[in-house]
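In what follows, a single structure is set out as structure tokens and then discussed.
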Amino acid sequence: MNNEYSPDLITLLDDDNREHNFEILDIIEENDTQYYALMPVYENSSDMLYGSGEYIILENSNENGEEILLEVEDRELKNRLSDIFEERFNDMFYE
């Protein structure tokens, strides 16, 4: 039995064109829009100790024919998505 774990990783560019790596924790599709739960990936494991340990939620959008991920601005939507992700994480990891 092979118990190796291989995370789904994605590299995003910030507004200053700096690359940041994230692990895709989960994806929710709602009303033809995909929402991603992403956890920062640190190159140096000691950097992880100083990270917040929090995941971010981004919305998949299409801008000028290019797929981009944007921060979810709507607080109610973000809270609702967070509740859904948390429930799914609990189902995946604790049951």
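In the structure tokens, chains take the letters A, B, ... in the order shown, each chain's residues start at 1, and ligands count up from 1 in the order shown.
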Fewer than 2 positions away in the same chain doesn't count, so skip those; otherwise give me all residues within 7 Å of Met39 (chain A), counting only C-alpha atoms, as a PyMOL selection string. chain A and resi 22-25+37+41+54-56
Keeping only C-alpha atoms, take the residues you just selected and write them out as a PDB file, in the first residue's frame.
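What ended up in selection-v8.pdb:
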```pdb
ATOM      1  CA  PHE A  22       0.261  27.576  -2.200  1.00  0.00           C
ATOM      2  CA  GLU A  23      -1.204  24.161  -1.554  1.00  0.00           C
ATOM      3  CA  ILE A  24      -4.749  23.750  -2.841  1.00  0.00           C
ATOM      4  CA  LEU A  25      -6.675  22.449   0.159  1.00  0.00           C
ATOM      5  CA  ALA A  37      -8.967  27.317  -0.144  1.00  0.00           C
ATOM      6  CA  VAL A  41       3.843  26.781   1.192  1.00  0.00           C
ATOM      7  CA  GLU A  54      -4.441  30.308   8.215  1.00  0.00           C
ATOM      8  CA  TYR A  55      -5.673  29.470   4.747  1.00  0.00           C
ATOM      9  CA  ILE A  56      -6.964  32.027   2.263  1.00  0.00           C
TER      10      ILE A  56
END
```
What are the DSSP strand (DSSP E) residues of chain A, as a PyMOL selection string? chain A and resi 9-13+19-30+33-40+56-63+66-71
By how many Å are CA of Glu43 (chain A) and CA of Ile10 (chain A) apart?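 Atom-to-atom, CA of Glu43 (chain A) and CA of Ile10 (chain A) are spaced 13.7 Å apart.
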Exercise: Thr33 (chain A) partners within 9 Å, only C-alpha atoms, chain neighbours under 4 positions left out, as a PDB file with N, CA and C atoms, in the first residue's frame:
```pdb
ATOM      1  N   ILE A  28     -14.464  24.686  -4.062  1.00  0.00           N
ATOM      2  CA  ILE A  28     -15.925  24.656  -4.042  1.00  0.00           C
ATOM      3  C   ILE A  28     -16.405  25.335  -5.316  1.00  0.00           C
ATOM      4  N   GLU A  29     -17.378  24.713  -5.985  1.00  0.00           N
ATOM      5  CA  GLU A  29     -18.003  25.367  -7.136  1.00  0.00           C
ATOM      6  C   GLU A  29     -19.421  25.744  -6.748  1.00  0.00           C
ATOM      7  N   GLU A  59     -11.314  33.570  -5.289  1.00  0.00           N
ATOM      8  CA  GLU A  59     -12.337  33.321  -6.294  1.00  0.00           C
ATOM      9  C   GLU A  59     -11.687  33.246  -7.670  1.00  0.00           C
ATOM     10  N   ASN A  60     -12.036  32.221  -8.420  1.00  0.00           N
ATOM     11  CA  ASN A  60     -11.544  32.077  -9.783  1.00  0.00           C
ATOM     12  C   ASN A  60     -12.343  33.016 -10.683  1.00  0.00           C
ATOM     13  N   SER A  61     -11.650  33.862 -11.412  1.00  0.00           N
ATOM     14  CA  SER A  61     -12.298  34.829 -12.276  1.00  0.00           C
ATOM     15  C   SER A  61     -11.592  34.848 -13.627  1.00  0.00           C
TER      16      SER A  61
END
```
CA of Glu30 (chain A) and CA of Leu70 (chain A) are how many Å apart?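 That distance, rounded to one decimal, is 15.4 Å.
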Under the rule that only C-alpha atoms are counted, which of A:Val72, A:Ile27, A:Leu9, A:Ile57 is the nearest residue to Tyr42 (chain A)?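 For Tyr42 (chain A), the nearest of the candidates is A:Leu9.
When only C-alpha atoms are used to compute distances to Glu86 (chain A), the closest of the residues A:Ser6, A:Asp26, A:Asp16, A:Glu71 turns out to be A:Asp26.
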In chain A, what's helix (DSSP H, G or I) per DSSP? Answer as a PyMOL selection string? chain A and resi 45-48+75-94
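Distances here use only C-alpha atoms; by that measure, the residue among A:Tyr35, A:Glu67, A:Asp14, A:Asn62 closest to Ile84 (chain A) is A:Tyr35.
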Between A:Glu19, A:Pro40, A:Ser82, A:Arg88, which has the minimum distance to Pro7 (chain A) (counting only C-alpha atoms)?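 For Pro7 (chain A), the nearest of the candidates is A:Pro40.
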